[in-house]
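To start, the structure under review is shown below, and the notes come after it.
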Amino acid sequence: TCQVHFESSNWKSLSIKRLTDSRLHGSTGLRSGSQANFFPPLEDAMLPSGSFNNRMALITGGGTGLGRAMTATLSQLGAQCIIASRKLDVLQRTAEEISSQTGNKVHAVQCDVRDPQAVSQCVDQIEALTGLPDVIINNAAGNFVCPSERLSPNAWKTITDIVLNGTAFVTLELGKRLIQNQKGASFLAITTIYAESGSGFVVPSASAKAGVEALYKSLAAEWGRYGHRFNIIQPGPIRTKGAFSRLDPTGAFEKAMIDRIPTGRLGTPAEIANLAAYVSSNYASWMSGAVIRFDGGEYVSLAGEFNELRSVTPDQWKLLEAMIRKTKGS
Ligand SMILES: CC/C=C\C/C=C\C/C=C\C/C=C\C=C\C(=O)SCCNC(=O)CCNC(=O)[C@H](O)C(C)(C)COP(=O)(O)OP(=O)(O)OC[C@H]1O[C@@H](n2cnc3c(N)ncnc32)[C@H](O)[C@@H]1OP(=O)(O)O
Ligand SMILES: NC(=O)C1=CN([C@@H]2O[C@H](COP(=O)(O)OP(=O)(O)OC[C@H]3O[C@@H](n4cnc5c(N)ncnc54)[C@H](OP(=O)(O)O)[C@@H]3O)[C@@H](O)[C@H]2O)C=CC1
């Protein structure tokens, strides 16, 4: 089944005919993505029940997607949650659904994190409802794919205001009040793997998420003395309407994305919710300043310049090795 054509012994002109996935991996029994069978996602809450009893958690953007999943897990583990974002109707629906499943109160508070006054009023409301939170998850974000030459100043400002300024306003407002009240807390920011590498076509998001990471690493160093921990989770792709409808609106890129993930599948909201719960819990009380990449291996897969060689079959390797061994000198 080997279909390597040696047009010359030069590596660059070696033409390896791309076979269909099943034929390509025939000799190893692996189909594209079938390695996902080795990595089944577990959906149930990982921490002991009651791990968040008597604890208050604020989750920005907690009405939808990953924020909703984090809220559901924290609530199931005993936390009283507050979810905050712009759309009050969405928040209220989520709050009612989760409360009715877990028996623990979820509060919905309207807040546009871009507006520092709105953030301050939101924190007033939170103080009145539950007191200052023990757990703060900065998860709210805005993003869309767009060639940078098409971005208007307001498009840039919109994304960076939500992601960087929004996270800063929420973190600083709560931080100051927690310090005044001598209360410790766990802060978690949800960023993305390209906060580290940068990425074309999502440049405002990449720039703002990198800023969030700098903010959280800096505060981890500065505010430990007040009992505050700061950590970061960088998720890889996890299907949510909010992300996928703005980053891959036609679905054209999904297969290629899954193919490059070494674990062969997308992450699930429940998986990131378990990680966020652990990082925010007292089991992680020694964790601060951490940046946790949670992406099924996508980042390293994209980074290594020889990783495309995964598509070379064992038979093709025999031929390549023979060629390489035949080479003498430079
Ligand atoms: C190859 C990739 C393959 C697959 C990818 C699939 C999956 C994902 C994998 C990884 C994901 C990694 C990171 C993900 C990070 C995320 O943050 S995902 C979360 C996304 N969720 C959201 O964005 C929810 C909230 N978003 C919104 O409310 C809007 O989208 C918003 C535009 C961000 C804000 O809405 P608002 O109403 O405040 O703003 P507008 O007034 O509508 O717009 C403000 C200005 O922006 C300009 N704009 C808006 N949309 C676009 C666009 N698509 N292209 C260009 N410009 C846009 C708009 O015109 C305004 O500017 P102006 O006209 O100059 O005034
Ligand atoms: N899903 C994925 O593959 C990945 C997601 N991420 C990150 O995960 C997080 C969650 O994303 P995901 O769940 O996928 O997407 P969603 O779109 O579902 O979540 C974004 C949330 O942010 C809220 N939000 C947006 N703008 C504002 C604002 N101005 N003020 C307050 N809240 C706001 C939205 O609520 P509302 O509209 O009511 O304001 C929404 O609930 C984000 O930080 C995202 O960057 C990172 C990498 C991959």
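Each chain of the structure tokens is named A, B, ... in the order shown, its residues numbered from 1; ligands are numbered from 1 in display order.
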Quiz item: Taking only C-alpha atoms and all ligand atoms into account, which residues are within 6 Å of ligand 1, as a PyMOL selection string?
Solution: chain A and resi 141-144+146+151-152+154-155+158-159+192+236-237+242-244+247-248+253-254
Exercise. Determine which residues of range 165-233 of chain A DSSP labels as helix (DSSP H, G or I) from the backbone of this structure, then write them out as a PyMOL selection string.
Key: chain A and resi 165-180+194-197+203-222+224-226
Can you list every residue in range 55-267 of chain A that DSSP puts in strand (DSSP E), as a compact mmCIF listing (two decimals) with all heavy atoms, in the first residue's frame?
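So selection38.txt came out as:
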```txt
# COMPACT_ATOMS: atom_id res chain seq x y z
N MET A 56 -18.46 31.41 48.15
CA MET A 56 -19.17 32.22 47.14
C MET A 56 -18.25 32.34 45.91
O MET A 56 -17.07 32.65 46.07
CB MET A 56 -19.43 33.65 47.62
CG MET A 56 -19.92 33.77 49.04
SD MET A 56 -21.49 32.93 49.26
CE MET A 56 -21.56 32.89 51.04
N ALA A 57 -18.84 32.12 44.76
CA ALA A 57 -18.03 32.18 43.53
C ALA A 57 -18.67 33.12 42.52
O ALA A 57 -19.87 33.02 42.24
CB ALA A 57 -17.92 30.78 42.93
N LEU A 58 -17.86 34.03 41.99
CA LEU A 58 -18.32 34.90 40.89
C LEU A 58 -17.72 34.39 39.59
O LEU A 58 -16.50 34.19 39.49
CB LEU A 58 -17.84 36.34 41.12
CG LEU A 58 -17.97 37.27 39.90
CD1 LEU A 58 -19.45 37.52 39.54
CD2 LEU A 58 -17.27 38.60 40.13
N ILE A 59 -18.58 34.17 38.61
CA ILE A 59 -18.11 33.72 37.30
C ILE A 59 -18.62 34.74 36.27
O ILE A 59 -19.83 34.84 36.02
CB ILE A 59 -18.65 32.31 36.94
CG1 ILE A 59 -18.26 31.29 38.02
CG2 ILE A 59 -18.13 31.85 35.58
CD1 ILE A 59 -19.30 31.02 39.05
N THR A 60 -17.71 35.50 35.66
CA THR A 60 -18.15 36.42 34.61
C THR A 60 -18.42 35.61 33.34
O THR A 60 -17.74 34.61 33.07
CB THR A 60 -17.11 37.53 34.32
OG1 THR A 60 -15.94 36.95 33.76
CG2 THR A 60 -16.76 38.31 35.59
N GLN A 80 -22.20 28.84 46.47
CA GLN A 80 -23.24 29.79 46.05
C GLN A 80 -22.60 30.62 44.94
O GLN A 80 -21.54 31.22 45.15
CB GLN A 80 -23.61 30.66 47.25
CG GLN A 80 -25.00 31.26 47.12
CD GLN A 80 -25.38 32.13 48.31
OE1 GLN A 80 -26.02 33.14 48.12
NE2 GLN A 80 -24.98 31.77 49.52
N CYS A 81 -23.21 30.63 43.77
CA CYS A 81 -22.58 31.28 42.62
C CYS A 81 -23.29 32.56 42.23
O CYS A 81 -24.50 32.69 42.40
CB CYS A 81 -22.57 30.35 41.42
SG CYS A 81 -21.58 28.87 41.66
N ILE A 82 -22.50 33.49 41.70
CA ILE A 82 -23.04 34.69 41.07
C ILE A 82 -22.52 34.68 39.65
O ILE A 82 -21.31 34.56 39.43
CB ILE A 82 -22.54 35.99 41.76
CG1 ILE A 82 -22.78 35.93 43.26
CG2 ILE A 82 -23.18 37.22 41.13
CD1 ILE A 82 -21.52 35.84 44.07
N ILE A 83 -23.43 34.79 38.68
CA ILE A 83 -22.99 34.89 37.29
C ILE A 83 -23.30 36.29 36.77
O ILE A 83 -24.35 36.85 37.07
CB ILE A 83 -23.60 33.78 36.40
CG1 ILE A 83 -25.13 33.71 36.51
CG2 ILE A 83 -23.00 32.43 36.77
CD1 ILE A 83 -25.75 32.64 35.61
N ALA A 84 -22.35 36.86 36.04
CA ALA A 84 -22.49 38.25 35.61
C ALA A 84 -22.11 38.40 34.15
O ALA A 84 -21.09 37.87 33.70
CB ALA A 84 -21.59 39.14 36.47
N SER A 85 -22.97 39.08 33.40
CA SER A 85 -22.65 39.46 32.01
C SER A 85 -23.70 40.45 31.54
O SER A 85 -24.47 40.99 32.37
CB SER A 85 -22.58 38.22 31.10
OG SER A 85 -23.86 37.71 30.85
N VAL A 106 -28.02 30.21 42.67
CA VAL A 106 -27.18 30.91 41.68
C VAL A 106 -27.84 32.26 41.44
O VAL A 106 -29.02 32.34 41.11
CB VAL A 106 -27.07 30.13 40.35
CG1 VAL A 106 -26.21 30.90 39.35
CG2 VAL A 106 -26.50 28.73 40.57
N HIS A 107 -27.08 33.35 41.63
CA HIS A 107 -27.60 34.70 41.44
C HIS A 107 -27.17 35.22 40.08
O HIS A 107 -26.05 34.98 39.65
CB HIS A 107 -27.03 35.65 42.50
CG HIS A 107 -27.25 35.17 43.90
ND1 HIS A 107 -28.38 35.46 44.62
CD2 HIS A 107 -26.48 34.42 44.72
CE1 HIS A 107 -28.30 34.91 45.82
NE2 HIS A 107 -27.15 34.27 45.91
N ALA A 108 -28.07 35.97 39.44
CA ALA A 108 -27.76 36.57 38.13
C ALA A 108 -27.62 38.08 38.31
O ALA A 108 -28.54 38.73 38.83
CB ALA A 108 -28.87 36.25 37.15
N VAL A 109 -26.49 38.63 37.90
CA VAL A 109 -26.27 40.08 38.02
C VAL A 109 -25.83 40.62 36.66
O VAL A 109 -24.84 40.15 36.09
CB VAL A 109 -25.19 40.39 39.09
CG1 VAL A 109 -24.91 41.88 39.16
CG2 VAL A 109 -25.62 39.88 40.46
N GLN A 110 -26.56 41.64 36.19
CA GLN A 110 -26.21 42.23 34.89
C GLN A 110 -24.96 43.09 35.04
O GLN A 110 -24.87 43.89 35.98
CB GLN A 110 -27.37 43.08 34.40
CG GLN A 110 -27.17 43.57 32.98
CD GLN A 110 -28.45 44.14 32.41
OE1 GLN A 110 -29.25 44.71 33.14
NE2 GLN A 110 -28.64 43.99 31.12
N VAL A 135 -14.11 33.02 45.40
CA VAL A 135 -13.62 32.52 44.11
C VAL A 135 -14.07 33.49 43.03
O VAL A 135 -15.26 33.84 42.97
CB VAL A 135 -14.22 31.11 43.82
CG1 VAL A 135 -13.93 30.67 42.39
CG2 VAL A 135 -13.71 30.08 44.82
N ILE A 136 -13.13 33.95 42.22
CA ILE A 136 -13.48 34.85 41.11
C ILE A 136 -12.93 34.21 39.83
O ILE A 136 -11.72 33.95 39.71
CB ILE A 136 -12.84 36.25 41.32
CG1 ILE A 136 -13.42 36.91 42.56
CG2 ILE A 136 -13.08 37.14 40.09
CD1 ILE A 136 -12.46 37.02 43.71
N ILE A 137 -13.82 33.97 38.88
CA ILE A 137 -13.38 33.43 37.58
C ILE A 137 -13.67 34.45 36.50
O ILE A 137 -14.82 34.76 36.20
CB ILE A 137 -14.05 32.07 37.27
CG1 ILE A 137 -13.77 31.08 38.41
CG2 ILE A 137 -13.53 31.53 35.93
CD1 ILE A 137 -14.27 29.65 38.16
N ASN A 138 -12.61 35.03 35.95
CA ASN A 138 -12.74 35.98 34.85
C ASN A 138 -12.76 35.20 33.54
O ASN A 138 -11.72 34.82 33.00
CB ASN A 138 -11.57 36.97 34.88
CG ASN A 138 -11.92 38.18 35.72
OD1 ASN A 138 -12.77 38.98 35.34
ND2 ASN A 138 -11.29 38.29 36.89
N ALA A 185 -8.77 35.23 48.56
CA ALA A 185 -9.60 34.76 47.44
C ALA A 185 -8.72 34.09 46.38
O ALA A 185 -7.51 34.32 46.32
CB ALA A 185 -10.35 35.93 46.79
N SER A 186 -9.38 33.26 45.58
CA SER A 186 -8.73 32.65 44.41
C SER A 186 -9.25 33.33 43.15
O SER A 186 -10.46 33.39 42.92
CB SER A 186 -9.07 31.16 44.36
OG SER A 186 -8.87 30.67 43.05
N PHE A 187 -8.34 33.88 42.36
CA PHE A 187 -8.69 34.49 41.07
C PHE A 187 -8.21 33.56 39.96
O PHE A 187 -7.06 33.11 39.98
CB PHE A 187 -8.00 35.85 40.88
CG PHE A 187 -8.49 36.95 41.78
CD1 PHE A 187 -8.06 37.05 43.09
CD2 PHE A 187 -9.37 37.91 41.30
CE1 PHE A 187 -8.50 38.08 43.93
CE2 PHE A 187 -9.83 38.95 42.11
CZ PHE A 187 -9.39 39.04 43.44
N LEU A 188 -9.08 33.33 39.00
CA LEU A 188 -8.70 32.51 37.85
C LEU A 188 -9.08 33.27 36.57
O LEU A 188 -10.19 33.81 36.48
CB LEU A 188 -9.47 31.17 37.90
CG LEU A 188 -9.37 30.24 36.70
CD1 LEU A 188 -7.93 29.77 36.48
CD2 LEU A 188 -10.29 29.02 36.89
N ALA A 189 -8.16 33.32 35.62
CA ALA A 189 -8.48 33.93 34.31
C ALA A 189 -8.46 32.84 33.25
O ALA A 189 -7.58 31.99 33.22
CB ALA A 189 -7.47 35.01 33.96
N ILE A 190 -9.46 32.89 32.37
CA ILE A 190 -9.50 31.96 31.24
C ILE A 190 -8.92 32.70 30.03
O ILE A 190 -9.48 33.72 29.60
CB ILE A 190 -10.95 31.51 30.94
CG1 ILE A 190 -11.65 30.99 32.21
CG2 ILE A 190 -10.96 30.45 29.83
CD1 ILE A 190 -10.99 29.80 32.89
N HIS A 228 -4.36 36.37 48.32
CA HIS A 228 -4.96 36.19 47.00
C HIS A 228 -4.07 35.33 46.11
O HIS A 228 -2.87 35.56 46.01
CB HIS A 228 -5.19 37.55 46.31
CG HIS A 228 -6.09 38.45 47.08
ND1 HIS A 228 -6.22 39.79 46.83
CD2 HIS A 228 -6.93 38.19 48.12
CE1 HIS A 228 -7.08 40.32 47.68
NE2 HIS A 228 -7.52 39.37 48.47
N ARG A 229 -4.70 34.35 45.47
CA ARG A 229 -3.99 33.51 44.48
C ARG A 229 -4.49 33.89 43.08
O ARG A 229 -5.67 34.21 42.91
CB ARG A 229 -4.30 32.02 44.68
CG ARG A 229 -3.90 31.47 46.01
CD ARG A 229 -4.04 29.93 46.01
NE ARG A 229 -5.40 29.44 45.96
CZ ARG A 229 -5.89 28.67 44.99
NH1 ARG A 229 -5.14 28.32 43.94
NH2 ARG A 229 -7.14 28.24 45.02
N PHE A 230 -3.60 33.84 42.11
CA PHE A 230 -3.96 34.18 40.71
C PHE A 230 -3.44 33.09 39.78
O PHE A 230 -2.24 32.82 39.76
CB PHE A 230 -3.32 35.52 40.30
CG PHE A 230 -3.94 36.70 41.00
CD1 PHE A 230 -3.49 37.05 42.26
CD2 PHE A 230 -4.97 37.42 40.43
CE1 PHE A 230 -4.07 38.13 42.93
CE2 PHE A 230 -5.55 38.48 41.09
CZ PHE A 230 -5.10 38.85 42.35
N ASN A 231 -4.35 32.49 39.05
CA ASN A 231 -3.94 31.45 38.11
C ASN A 231 -4.63 31.63 36.76
O ASN A 231 -5.60 32.39 36.65
CB ASN A 231 -4.26 30.07 38.71
CG ASN A 231 -3.38 29.79 39.93
OD1 ASN A 231 -2.16 29.65 39.80
ND2 ASN A 231 -3.98 29.76 41.12
N ILE A 232 -4.11 30.92 35.79
CA ILE A 232 -4.57 31.08 34.39
C ILE A 232 -4.79 29.70 33.78
O ILE A 232 -3.93 28.82 33.93
CB ILE A 232 -3.48 31.82 33.57
CG1 ILE A 232 -3.29 33.25 34.09
CG2 ILE A 232 -3.80 31.80 32.08
CD1 ILE A 232 -1.92 33.84 33.77
N ILE A 233 -5.92 29.53 33.12
CA ILE A 233 -6.11 28.33 32.29
C ILE A 233 -6.19 28.77 30.83
O ILE A 233 -6.93 29.69 30.48
CB ILE A 233 -7.40 27.56 32.65
CG1 ILE A 233 -7.32 27.03 34.09
CG2 ILE A 233 -7.64 26.41 31.68
CD1 ILE A 233 -8.59 26.32 34.56
N GLN A 234 -5.39 28.12 30.00
CA GLN A 234 -5.42 28.36 28.55
C GLN A 234 -6.13 27.18 27.89
O GLN A 234 -5.52 26.13 27.66
CB GLN A 234 -3.99 28.41 27.99
CG GLN A 234 -3.09 29.46 28.59
CD GLN A 234 -1.65 29.33 28.09
OE1 GLN A 234 -1.16 28.23 27.84
NE2 GLN A 234 -0.95 30.43 27.97
N PRO A 235 -7.42 27.33 27.57
CA PRO A 235 -8.10 26.20 26.93
C PRO A 235 -7.75 26.10 25.45
O PRO A 235 -7.55 27.11 24.78
CB PRO A 235 -9.60 26.54 27.06
CG PRO A 235 -9.68 27.82 27.82
CD PRO A 235 -8.34 28.46 27.80
```
Quiz prompt | Å distance separating CA of Ser99 in chain A from CA of Gly166 in chain A, one decimal place | solution = 26.5 Å
Quiz item: Which one is closest to Gln101 in chain A: A:Ser75, A:Asn307, A:Thr263, A:Ser207? Count only C-alpha atoms.
Solution: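 Looking only at the distances to Gln101 in chain A, the closest residue turns out to be A:Ser75.
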Quiz item: Expressed in Å to a single decimal, how great is the separation between atom 3 (O, counted along the ligand's line) of ligand 2 and CA of Ala303 in chain A?
Solution: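 One can read the atom 3 (O, counted along the ligand's line) of ligand 2 to CA of Ala303 in chain A distance as 18.5 Å.
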Exercise. Can you work out the spacing between atom 2 (C, counted along the ligand's line) of ligand 2 and CA of Ala140 in chain A in Å, to one decimal?
Key: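 Pair atom 2 (C, counted along the ligand's line) of ligand 2 / CA of Ala140 in chain A returns 11.7 Å.
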Quiz item: Val300 in chain A: which residues within 12 Å, counting only C-alpha atoms, same-chain residues fewer than 2 positions away excluded, as a ChimeraX atom specification?
Solution: /A:193-194,196-197,236,260-263,293-298,302-308
Quiz item: Nearest to Tyr278 in chain A among A:Pro40, A:Pro48, A:Gly62, A:Pro133, with distances taken over only C-alpha atoms: which residue is it?
Solution: A:Pro48
Practice problem: Find, counting only C-alpha atoms, the residue in A:Ala95, A:Leu66, A:Ala79, A:Ala195 that gets nearest to Asn53 in chain A. | Solution: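 Using only C-alpha atoms, the shortest distance to Asn53 in chain A belongs to A:Ala79.
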